[in-house]
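Everything below belongs to final_30.cif, which stores mmCIF, C-alpha atoms.
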```cif
data_data
#
loop_
_atom_site.label_atom_id
_atom_site.label_comp_id
_atom_site.auth_asym_id
_atom_site.auth_seq_id
_atom_site.Cartn_x
_atom_site.Cartn_y
_atom_site.Cartn_z
CA MET A 1 -32.59 18.08 50.64
CA SER A 2 -32.99 15.41 48.02
CA VAL A 3 -32.58 15.89 44.33
CA ASP A 4 -34.43 13.69 41.90
CA ILE A 5 -32.50 12.97 38.72
CA GLN A 6 -34.49 11.53 35.89
CA PHE A 7 -32.79 9.64 33.08
CA ALA A 8 -34.17 9.27 29.62
CA PRO A 9 -35.42 5.75 28.98
CA ALA A 10 -32.84 3.53 27.40
CA ALA A 11 -35.25 2.66 24.66
CA ASN A 12 -35.48 6.30 23.59
CA LEU A 13 -31.70 6.63 23.43
CA ALA A 14 -31.49 3.50 21.37
CA THR A 15 -34.07 4.75 18.93
CA LYS A 16 -32.11 7.97 18.45
CA GLU A 17 -28.70 6.40 17.91
CA THR A 18 -29.49 3.05 16.37
CA PRO A 19 -30.84 4.17 12.95
CA ASN A 20 -27.73 6.15 11.98
CA ARG A 21 -25.38 3.55 13.37
CA SER A 22 -27.22 0.64 11.77
CA ALA A 23 -27.49 2.50 8.46
CA GLY A 24 -23.76 3.16 8.55
CA ASN A 25 -23.07 -0.50 9.30
CA VAL A 26 -25.27 -1.58 6.41
CA ALA A 27 -23.58 0.87 4.04
CA ALA A 28 -20.12 -0.23 5.19
CA ALA A 29 -21.04 -3.89 4.73
CA ALA A 30 -22.45 -3.13 1.28
CA LEU A 31 -19.24 -1.38 0.27
CA ARG A 32 -17.05 -4.15 1.64
CA PHE A 33 -18.99 -7.06 0.18
CA GLY A 34 -19.65 -5.10 -2.99
CA SER A 35 -15.91 -4.82 -3.55
CA LEU A 36 -15.50 -8.57 -3.05
CA ILE A 37 -18.36 -9.24 -5.45
CA ALA A 38 -16.81 -6.85 -7.97
CA PHE A 39 -13.50 -8.71 -7.61
CA ALA A 40 -15.26 -12.03 -8.25
CA VAL A 41 -17.14 -10.60 -11.25
CA ILE A 42 -13.90 -9.30 -12.77
CA LEU A 43 -12.32 -12.74 -12.39
CA ALA A 44 -15.38 -14.43 -13.87
CA VAL A 45 -15.61 -12.09 -16.87
CA PHE A 46 -11.94 -12.34 -17.72
CA SER A 47 -11.92 -16.11 -17.22
CA LEU A 48 -14.68 -16.41 -19.83
CA THR A 49 -13.26 -13.92 -22.31
CA ALA A 50 -9.47 -14.00 -21.90
CA PRO A 51 -7.57 -17.19 -22.78
CA TYR A 52 -5.67 -18.91 -19.95
CA PHE A 53 -6.65 -16.15 -17.50
CA LEU A 54 -7.19 -18.49 -14.54
CA SER A 55 -4.36 -20.85 -15.37
CA ILE A 56 -1.80 -21.46 -12.63
CA GLY A 57 0.93 -19.93 -14.74
CA ASN A 58 -1.02 -16.73 -15.38
CA ILE A 59 -2.05 -16.37 -11.74
CA GLY A 60 1.57 -16.75 -10.72
CA ASN A 61 2.52 -14.22 -13.38
CA VAL A 62 0.06 -11.70 -11.93
CA LEU A 63 1.46 -12.27 -8.44
CA GLY A 64 5.00 -11.81 -9.69
CA GLN A 65 4.14 -8.64 -11.61
CA SER A 66 2.35 -7.27 -8.53
CA ALA A 67 5.28 -7.89 -6.19
CA ILE A 68 6.99 -4.52 -6.65
CA SER A 69 3.87 -2.35 -6.44
CA GLY A 70 2.51 -4.57 -3.66
CA VAL A 71 5.57 -4.08 -1.45
CA LEU A 72 5.46 -0.33 -2.07
CA ALA A 73 1.73 -0.21 -1.32
CA ILE A 74 2.27 -2.10 1.93
CA GLY A 75 4.82 0.52 2.95
CA LEU A 76 2.34 3.29 2.11
CA THR A 77 -0.36 1.45 4.06
CA VAL A 78 1.74 1.57 7.21
CA VAL A 79 2.02 5.36 6.81
CA LEU A 80 -1.73 5.65 6.17
CA ILE A 81 -2.43 3.69 9.35
CA ALA A 82 -0.13 5.73 11.59
CA GLY A 83 -0.79 9.12 9.98
CA GLY A 84 -4.55 8.95 9.64
CA ALA A 85 -6.91 8.48 6.73
CA ASN A 86 -6.81 12.09 5.54
CA VAL A 87 -4.14 12.00 2.84
CA VAL A 88 -3.85 15.79 2.80
CA THR A 89 -3.15 16.37 6.49
CA GLY A 90 -2.61 12.79 7.58
CA GLY A 91 -0.42 9.96 6.38
CA ILE A 92 0.96 9.86 2.84
CA ASP A 93 4.35 9.07 1.31
CA LEU A 94 4.77 10.32 -2.23
CA SER A 95 8.48 9.51 -2.30
CA LEU A 96 8.06 5.74 -2.42
CA ALA A 97 8.38 5.30 -6.18
CA ALA A 98 11.42 7.59 -6.34
CA ASN A 99 12.85 5.73 -3.34
CA MET A 100 12.54 2.48 -5.28
CA GLY A 101 14.25 4.05 -8.32
CA LEU A 102 17.24 5.36 -6.36
CA SER A 103 17.56 2.12 -4.37
CA ALA A 104 17.54 0.11 -7.58
CA ALA A 105 20.18 2.41 -9.07
CA VAL A 106 22.41 2.00 -5.99
CA TYR A 107 22.02 -1.78 -6.10
CA ALA A 108 22.83 -2.02 -9.81
CA SER A 109 25.75 0.41 -9.51
CA LEU A 110 27.37 -1.53 -6.69
CA LEU A 111 27.03 -4.80 -8.61
CA GLN A 112 28.67 -3.19 -11.64
CA LEU A 113 31.51 -1.98 -9.43
CA GLY A 114 32.22 -5.56 -8.40
CA TYR A 115 30.66 -5.64 -4.95
CA GLY A 116 28.86 -8.80 -3.94
CA ASP A 117 25.17 -9.19 -3.20
CA PRO A 118 25.51 -8.89 0.61
CA VAL A 119 27.18 -5.48 0.39
CA ALA A 120 24.86 -4.28 -2.39
CA ILE A 121 21.72 -5.45 -0.59
CA LEU A 122 22.79 -3.87 2.71
CA ALA A 123 23.60 -0.56 1.00
CA THR A 124 20.30 -0.60 -0.86
CA LEU A 125 18.28 -1.18 2.29
CA LEU A 126 20.23 1.58 4.07
CA VAL A 127 19.36 3.97 1.24
CA GLY A 128 15.68 3.16 1.64
CA LEU A 129 15.89 3.59 5.41
CA ALA A 130 17.72 6.91 4.98
CA ILE A 131 14.98 8.25 2.70
CA GLY A 132 12.37 7.15 5.21
CA ALA A 133 14.31 8.86 8.00
CA VAL A 134 14.42 12.12 6.01
CA ASN A 135 10.65 11.95 5.56
CA ALA A 136 10.22 11.27 9.26
CA ALA A 137 12.42 14.23 10.20
CA ALA A 138 10.59 16.56 7.84
CA VAL A 139 7.17 15.54 9.14
CA VAL A 140 7.83 14.93 12.83
CA LEU A 141 10.66 17.34 13.65
CA ALA A 142 10.09 20.13 11.14
CA GLY A 143 6.30 19.81 11.30
CA ILE A 144 5.82 19.92 7.53
CA VAL A 145 2.57 18.46 6.19
CA PRO A 146 3.36 14.92 4.93
CA LEU A 147 1.95 15.67 1.50
CA LEU A 148 4.40 18.52 0.97
CA ALA A 149 7.30 16.94 2.84
CA THR A 150 7.26 13.69 0.87
CA LEU A 151 6.66 15.56 -2.38
CA ALA A 152 9.84 17.56 -1.79
CA VAL A 153 11.79 14.44 -0.85
CA MET A 154 10.45 12.72 -3.96
CA ASN A 155 11.95 15.40 -6.21
CA ILE A 156 15.27 15.34 -4.38
CA VAL A 157 15.52 11.55 -4.58
CA ALA A 158 14.51 11.52 -8.25
CA GLY A 159 17.24 14.05 -8.95
CA LEU A 160 19.82 11.93 -7.14
CA GLU A 161 18.81 8.93 -9.23
CA LEU A 162 19.33 10.90 -12.44
CA VAL A 163 22.76 12.02 -11.25
CA LEU A 164 23.77 8.47 -10.35
CA THR A 165 22.49 6.81 -13.51
CA GLN A 166 22.99 9.72 -15.93
CA ASN A 167 19.43 8.94 -17.02
CA THR A 168 20.51 5.62 -18.52
CA VAL A 169 19.73 1.97 -17.88
CA LEU A 170 22.14 0.18 -15.54
CA PRO A 171 22.12 -3.56 -16.28
CA ALA A 172 22.90 -5.86 -13.38
CA SER A 173 23.22 -9.59 -12.83
CA SER A 174 24.18 -11.88 -9.97
CA ASP A 175 23.35 -15.31 -8.64
CA PHE A 176 20.91 -13.79 -6.16
CA LEU A 177 19.08 -11.86 -8.89
CA THR A 178 18.95 -14.96 -11.06
CA ALA A 179 17.37 -16.95 -8.24
CA LEU A 180 14.95 -14.13 -7.45
CA SER A 181 13.78 -13.87 -11.07
CA ALA A 182 13.35 -17.63 -11.51
CA SER A 183 10.13 -19.68 -11.41
CA ASP A 184 9.24 -22.94 -9.71
CA GLY A 185 8.11 -26.15 -11.36
CA PHE A 186 4.54 -24.86 -11.73
CA GLY A 187 5.67 -21.71 -13.52
CA ILE A 188 5.03 -19.47 -10.51
CA PRO A 189 7.70 -16.76 -10.15
CA VAL A 190 9.76 -16.55 -6.99
CA LEU A 191 8.64 -12.92 -6.78
CA ALA A 192 5.10 -14.17 -6.17
CA TYR A 193 6.25 -16.02 -3.06
CA VAL A 194 8.22 -12.96 -1.99
CA LEU A 195 5.08 -10.82 -2.16
CA LEU A 196 2.96 -13.31 -0.24
CA GLY A 197 5.64 -13.88 2.39
CA PHE A 198 6.29 -10.18 2.85
CA ALA A 199 2.55 -9.48 3.15
CA VAL A 200 2.13 -12.20 5.79
CA ILE A 201 5.02 -10.85 7.88
CA ALA A 202 3.77 -7.27 7.59
CA ALA A 203 0.19 -8.31 8.43
CA VAL A 204 1.30 -10.19 11.54
CA ILE A 205 3.30 -7.20 12.77
CA VAL A 206 0.76 -4.49 11.94
CA GLN A 207 -2.51 -6.30 12.64
CA ASN A 208 -1.64 -8.76 15.39
CA THR A 209 0.91 -7.13 17.70
CA PRO A 210 0.75 -4.33 20.30
CA LEU A 211 2.90 -2.20 18.01
CA GLY A 212 0.33 -2.44 15.24
CA LEU A 213 -2.51 -1.58 17.62
CA ARG A 214 -0.58 1.50 18.71
CA LEU A 215 -0.16 2.56 15.08
CA TYR A 216 -3.91 2.31 14.55
CA ALA A 217 -4.58 4.23 17.76
CA VAL A 218 -2.22 7.04 16.77
CA GLY A 219 -3.79 7.33 13.32
CA GLU A 220 -7.47 7.01 14.22
CA PHE A 221 -7.62 8.47 17.73
CA PRO A 222 -4.59 10.74 18.22
CA ASP A 223 -6.09 12.61 21.18
CA ALA A 224 -6.93 9.41 23.02
CA ALA A 225 -3.53 7.96 22.17
CA ARG A 226 -1.82 11.08 23.51
CA ALA A 227 -3.87 10.89 26.70
CA ALA A 228 -2.88 7.24 27.07
CA GLY A 229 0.78 8.23 26.95
CA LEU A 230 1.64 6.75 23.57
CA PRO A 231 4.68 8.28 21.81
CA LEU A 232 2.85 9.70 18.80
CA LYS A 233 5.84 11.30 17.12
CA ARG A 234 8.02 8.24 17.57
CA LEU A 235 5.39 5.91 16.14
CA LEU A 236 4.70 8.17 13.17
CA ALA A 237 8.41 8.53 12.49
CA GLY A 238 8.78 4.75 12.66
CA ALA A 239 6.00 4.37 10.08
CA PHE A 240 7.86 6.60 7.61
CA VAL A 241 11.11 4.70 8.23
CA ALA A 242 9.31 1.40 7.64
CA SER A 243 7.88 2.82 4.43
CA GLY A 244 11.39 3.80 3.35
CA LEU A 245 12.58 0.26 4.01
CA CYS A 246 9.81 -1.03 1.74
CA GLY A 247 11.12 1.30 -0.95
CA GLY A 248 14.57 -0.25 -0.62
CA ILE A 249 13.18 -3.78 -0.79
CA ALA A 250 11.13 -2.87 -3.85
CA GLY A 251 14.30 -1.50 -5.46
CA ILE A 252 15.95 -4.91 -5.15
CA LEU A 253 12.86 -6.62 -6.58
CA SER A 254 12.82 -4.11 -9.43
CA VAL A 255 16.43 -4.89 -10.40
CA SER A 256 15.57 -8.58 -10.36
CA TYR A 257 12.43 -8.15 -12.45
CA LEU A 258 13.94 -5.75 -15.00
CA SER A 259 17.52 -7.16 -14.96
CA GLY A 260 18.82 -3.78 -13.91
CA SER A 261 17.94 -0.26 -12.92
CA THR A 262 15.71 1.61 -15.38
CA THR A 263 14.37 5.15 -15.54
CA GLY A 264 10.71 6.08 -15.15
CA SER A 265 10.12 4.72 -11.64
CA GLY A 266 7.92 7.72 -10.88
CA GLU A 267 5.22 6.23 -13.09
CA MET A 268 4.54 3.67 -10.37
CA LEU A 269 3.46 6.29 -7.85
CA LEU A 270 -0.19 6.52 -8.94
CA PRO A 271 -0.79 2.73 -9.06
CA VAL A 272 0.81 2.40 -5.61
CA VAL A 273 -1.39 5.13 -4.12
CA ILE A 274 -4.46 3.61 -5.77
CA THR A 275 -3.61 0.17 -4.40
CA ALA A 276 -3.10 1.42 -0.84
CA LEU A 277 -6.26 3.54 -0.77
CA LEU A 278 -8.38 0.88 -2.44
CA GLY A 279 -7.33 -1.68 0.15
CA SER A 280 -9.53 -0.09 2.82
CA VAL A 281 -12.70 -1.47 1.21
CA PHE A 282 -11.55 -5.01 1.95
CA SER A 283 -11.38 -4.40 5.72
CA ARG A 284 -14.19 -4.82 8.20
CA ARG A 285 -14.07 -1.21 9.42
CA LEU A 286 -13.06 0.36 6.11
CA VAL A 287 -9.60 1.24 7.41
CA PRO A 288 -6.24 0.51 5.78
CA THR A 289 -4.97 -3.02 6.43
CA ILE A 290 -2.12 -5.08 5.05
CA THR A 291 -4.42 -7.89 3.94
CA GLY A 292 -6.71 -5.38 2.26
CA THR A 293 -3.77 -3.85 0.42
CA LEU A 294 -2.69 -7.30 -0.77
CA LEU A 295 -6.18 -7.99 -2.14
CA SER A 296 -6.20 -4.55 -3.75
CA ALA A 297 -2.82 -5.23 -5.40
CA LEU A 298 -4.16 -8.49 -6.79
CA LEU A 299 -7.34 -6.77 -8.00
CA VAL A 300 -5.32 -4.15 -9.88
CA GLY A 301 -2.93 -6.83 -11.14
CA PHE A 302 -5.70 -9.05 -12.50
CA LEU A 303 -7.40 -6.02 -14.03
CA VAL A 304 -4.26 -5.01 -15.92
CA ASN A 305 -3.52 -8.62 -16.90
CA GLY A 306 -7.04 -9.18 -18.22
CA PHE A 307 -6.85 -6.07 -20.38
CA GLN A 308 -3.48 -7.19 -21.72
CA LEU A 309 -4.81 -10.65 -22.63
CA LEU A 310 -7.75 -9.07 -24.44
CA ASN A 311 -5.47 -6.57 -26.22
CA LEU A 312 -7.46 -3.65 -24.83
CA PRO A 313 -5.88 -0.19 -24.45
CA SER A 314 -4.02 0.22 -21.18
CA THR A 315 -5.46 3.73 -20.88
CA LEU A 316 -8.77 2.12 -19.96
CA VAL A 317 -7.12 0.59 -16.91
CA SER A 318 -6.03 4.01 -15.65
CA GLY A 319 -9.56 5.32 -16.13
CA ILE A 320 -11.09 2.41 -14.23
CA GLN A 321 -8.53 2.75 -11.44
CA GLY A 322 -9.33 6.44 -11.11
CA LEU A 323 -13.05 5.68 -11.02
CA LEU A 324 -12.54 3.06 -8.32
CA ILE A 325 -10.57 5.48 -6.17
CA LEU A 326 -13.22 8.19 -6.61
CA ILE A 327 -15.95 5.80 -5.53
CA VAL A 328 -14.00 4.37 -2.60
CA VAL A 329 -12.77 7.70 -1.21
CA SER A 330 -16.21 9.30 -1.58
CA ALA A 331 -18.01 6.37 0.03
CA THR A 332 -15.63 6.00 2.96
CA THR A 333 -15.65 9.76 3.59
CA LEU A 334 -19.45 9.87 3.67
CA LEU A 335 -19.61 6.85 5.97
CA ARG A 336 -17.15 8.41 8.43
CA LYS A 337 -19.13 11.64 8.46
CA ARG A 338 -22.30 9.72 9.28
CA GLU A 339 -20.54 7.95 12.15
CA ILE A 340 -19.53 11.34 13.59
#
```

File written out as structure tokens:
Amino acid sequence: MSVDIQFAPAANLATKETPNRSAGNVAAAALRFGSLIAFAVILAVFSLTAPYFLSIGNIGNVLGQSAISGVLAIGLTVVLIAGGANVVTGGIDLSLAANMGLSAAVYASLLQLGYGDPVAILATLLVGLAIGAVNAAAVVLAGIVPLLATLAVMNIVAGLELVLTQNTVLPASSDFLTALSASDGFGIPVLAYVLLGFAVIAAVIVQNTPLGLRLYAVGEFPDAARAAGLPLKRLLAGAFVASGLCGGIAGILSVSYLSGSTTGSGEMLLPVVITALLGSVFSRRLVPTITGTLLSALLVGFLVNGFQLLNLPSTLVSGIQGLLILIVVSATTLLRKREI
């Protein structure tokens, strides 16, 4: 007995799937190139209205000022990649700013106690790693939603910082901090080179190695990654530990930039989250990338700098940042729904 199996013509299948897919591709391209055009327009407007906006010294100043938030945002980007794009049930690390504050306090305290830079730097990085490990344990082992787990850790870490510093400024100085806060012959801060170098290293690891591909697989396609035998929990835990390390590094940069440990590090949380989420519009597939986060950090940095040069209220910057995030999150969410 023979059975005749008839397949639908390929042309018909193409006509059913192509419109939605092509429309999604067009919308994604419009969002991506629109963000680049918006970046260029912002630079053009400020260069015409703000004095010395595009000077080498001012560009270097923006890079230097963006170093701390950029390093933190890169750490958050790694968590977003491994945990998934949904910041409620997926990857998020709200403890990063508090991590930076405690790490900076530890670094400044050790310098005041007479310890050298090698010991202080090592202890600071270990503090950042420890905070990342606590986040990893809470999320991976205890199964707590990352949003709640890192929120709890954030409050604990912020409390520890207050206990250590007694809510006061801890001044610190050393040869290493002096070198880190210096500028080159063109007036470009060393912190600017630190940001660019750190971003290049992180981008190579995350976007051009098998480890980075596994992180993307775990975040975007967890079921397929599990079926392929990838260690999901281990990779996610590693992302939180890496984020904690970024908090420790940012703490060192903060002490260098501010000449000590200061209170109010929690105020950096919102700009860091905005920078990390906004970075997805600079990627080809509208997913978090290190290079996209770097461009986002520069966009936010130039935006703040332009407002400062024009003596405009800084509250406008917060409003514009919130509007950008609303547009980006809404657009990317709609695009992903259309793809499904």

At what distance in Å, to one decimal, does CA of Leu113 in chain A lie from CA of Gln166 in chain A?
->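 Interatomic distance, CA of Gln166 in chain A to CA of Leu113 in chain A: 15.9 Å.
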
Cut-off 10 Å: closest range 79-122 of chain A/range 282-304 of chain A atom pairs per residue, using all atoms listed in the file, as CSV:
```
residue,atom,partner,partner_atom,distance
A:Val79,CA,A:Pro288,CA,9.6
A:Leu80,CA,A:Pro288,CA,6.8
A:Ile81,CA,A:Pro288,CA,6.1
A:Ala82,CA,A:Pro288,CA,9.9
A:Gly84,CA,A:Pro288,CA,9.4
A:Ala85,CA,A:Val287,CA,7.8
```

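Minimum distance to Phe198 in chain A across A:Ala250, A:Val272, A:Ala97, A:Ala138 (counting all atoms listed in the file) occurs at A:Ala250.
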
Proximity check range 160-224 of chain A to range 115-130 of chain A, 12 Å, nearest pairs one decimal Å, only C-alpha atoms, as JSON lines:
```
{"residue": "A:Leu160", "atom": "CA", "partner": "A:Val127", "partner_atom": "CA", "distance": 11.6}
{"residue": "A:Glu161", "atom": "CA", "partner": "A:Val127", "partner_atom": "CA", "distance": 11.6}
{"residue": "A:Ala172", "atom": "CA", "partner": "A:Asp117", "partner_atom": "CA", "distance": 10.9}
{"residue": "A:Ser173", "atom": "CA", "partner": "A:Asp117", "partner_atom": "CA", "distance": 9.8}
{"residue": "A:Ser174", "atom": "CA", "partner": "A:Asp117", "partner_atom": "CA", "distance": 7.4}
{"residue": "A:Asp175", "atom": "CA", "partner": "A:Asp117", "partner_atom": "CA", "distance": 8.4}
{"residue": "A:Phe176", "atom": "CA", "partner": "A:Asp117", "partner_atom": "CA", "distance": 6.9}
{"residue": "A:Leu177", "atom": "CA", "partner": "A:Asp117", "partner_atom": "CA", "distance": 8.8}
{"residue": "A:Thr178", "atom": "CA", "partner": "A:Asp117", "partner_atom": "CA", "distance": 11.6}
```

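Counting all atoms listed in the file and comparing A:Phe46, A:Gly57, A:Phe39, A:Leu324, the residue that lies closest to Pro271 in chain A is A:Leu324.
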
Using all atoms listed in the file, which of A:Leu312, A:Leu235, A:Leu258, A:Val163 sits nearest Val218 in chain A?
-> A:Leu235

Rank A:Ser318, A:Thr209, A:Asn311, A:Ser95 by their smallest atom-to-atom distance to Gly159 in chain A, using all atoms listed in the file, and report the top residue only.
->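 For Gly159 in chain A, the nearest of the given residues is A:Ser95.
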
Step by step, work through what the PyMOL selection byres ((chain A and resi 234) around 12) selects in the shown file, and finish by giving those residues as a PyMOL selection string.
-> chain A and resi 82-83+133+136-137+139-141+211+214-215+218+226+229-233+235-241

Output C-alpha atoms of each residue in that selection to a file, as a CSV table (one decimal), in the frame of the given file.
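The result, written out as part14.csv:
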```
chain,number,residue,atom,x,y,z
A,82,ALA,CA,-0.1,5.7,11.6
A,83,GLY,CA,-0.8,9.1,10.0
A,133,ALA,CA,14.3,8.9,8.0
A,136,ALA,CA,10.2,11.3,9.3
A,137,ALA,CA,12.4,14.2,10.2
A,139,VAL,CA,7.2,15.5,9.1
A,140,VAL,CA,7.8,14.9,12.8
A,141,LEU,CA,10.7,17.3,13.6
A,211,LEU,CA,2.9,-2.2,18.0
A,214,ARG,CA,-0.6,1.5,18.7
A,215,LEU,CA,-0.2,2.6,15.1
A,218,VAL,CA,-2.2,7.0,16.8
A,226,ARG,CA,-1.8,11.1,23.5
A,229,GLY,CA,0.8,8.2,27.0
A,230,LEU,CA,1.6,6.8,23.6
A,231,PRO,CA,4.7,8.3,21.8
A,232,LEU,CA,2.8,9.7,18.8
A,233,LYS,CA,5.8,11.3,17.1
A,235,LEU,CA,5.4,5.9,16.1
A,236,LEU,CA,4.7,8.2,13.2
A,237,ALA,CA,8.4,8.5,12.5
A,238,GLY,CA,8.8,4.8,12.7
A,239,ALA,CA,6.0,4.4,10.1
A,240,PHE,CA,7.9,6.6,7.6
A,241,VAL,CA,11.1,4.7,8.2
```

Separation of CA of Gly322 in chain A from CA of Val153 in chain A in Å |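 Pair CA of Val153 in chain A / CA of Gly322 in chain A returns 24.8 Å.
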
Where does the PyMOL selection byres ((chain A and resi 168) around 9) land in this file, that is, which residues does it pick, as JSON, numbers by chain?
-> {"A": [162, 165, 166, 167, 169, 170, 261, 262, 263]}

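Each of A:Gly264, A:Gly90, A:Gly247, A:Gly219 was compared to Gly143 in chain A using only C-alpha atoms, and A:Gly90 turns out to be the nearest.
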
Write a file for range 129-142 of chain A of the given structure; include C-alpha atoms and format it as a PDB file, in the first residue's frame.
```pdb
ATOM      1  CA  LEU A 129      34.018  38.840  44.055  1.00  0.00           C
ATOM      2  CA  ALA A 130      32.494  37.894  47.416  1.00  0.00           C
ATOM      3  CA  ILE A 131      29.433  40.053  46.769  1.00  0.00           C
ATOM      4  CA  GLY A 132      29.070  38.485  43.340  1.00  0.00           C
ATOM      5  CA  ALA A 133      29.357  35.029  44.879  1.00  0.00           C
ATOM      6  CA  VAL A 134      26.594  35.841  47.385  1.00  0.00           C
ATOM      7  CA  ASN A 135      24.349  36.936  44.522  1.00  0.00           C
ATOM      8  CA  ALA A 136      25.176  33.760  42.634  1.00  0.00           C
ATOM      9  CA  ALA A 137      24.377  31.587  45.655  1.00  0.00           C
ATOM     10  CA  ALA A 138      21.081  33.370  46.272  1.00  0.00           C
ATOM     11  CA  VAL A 139      19.979  33.032  42.656  1.00  0.00           C
ATOM     12  CA  VAL A 140      21.417  29.663  41.645  1.00  0.00           C
ATOM     13  CA  LEU A 141      21.414  27.678  44.891  1.00  0.00           C
ATOM     14  CA  ALA A 142      18.512  29.239  46.783  1.00  0.00           C
TER      15      ALA A 142
END
```
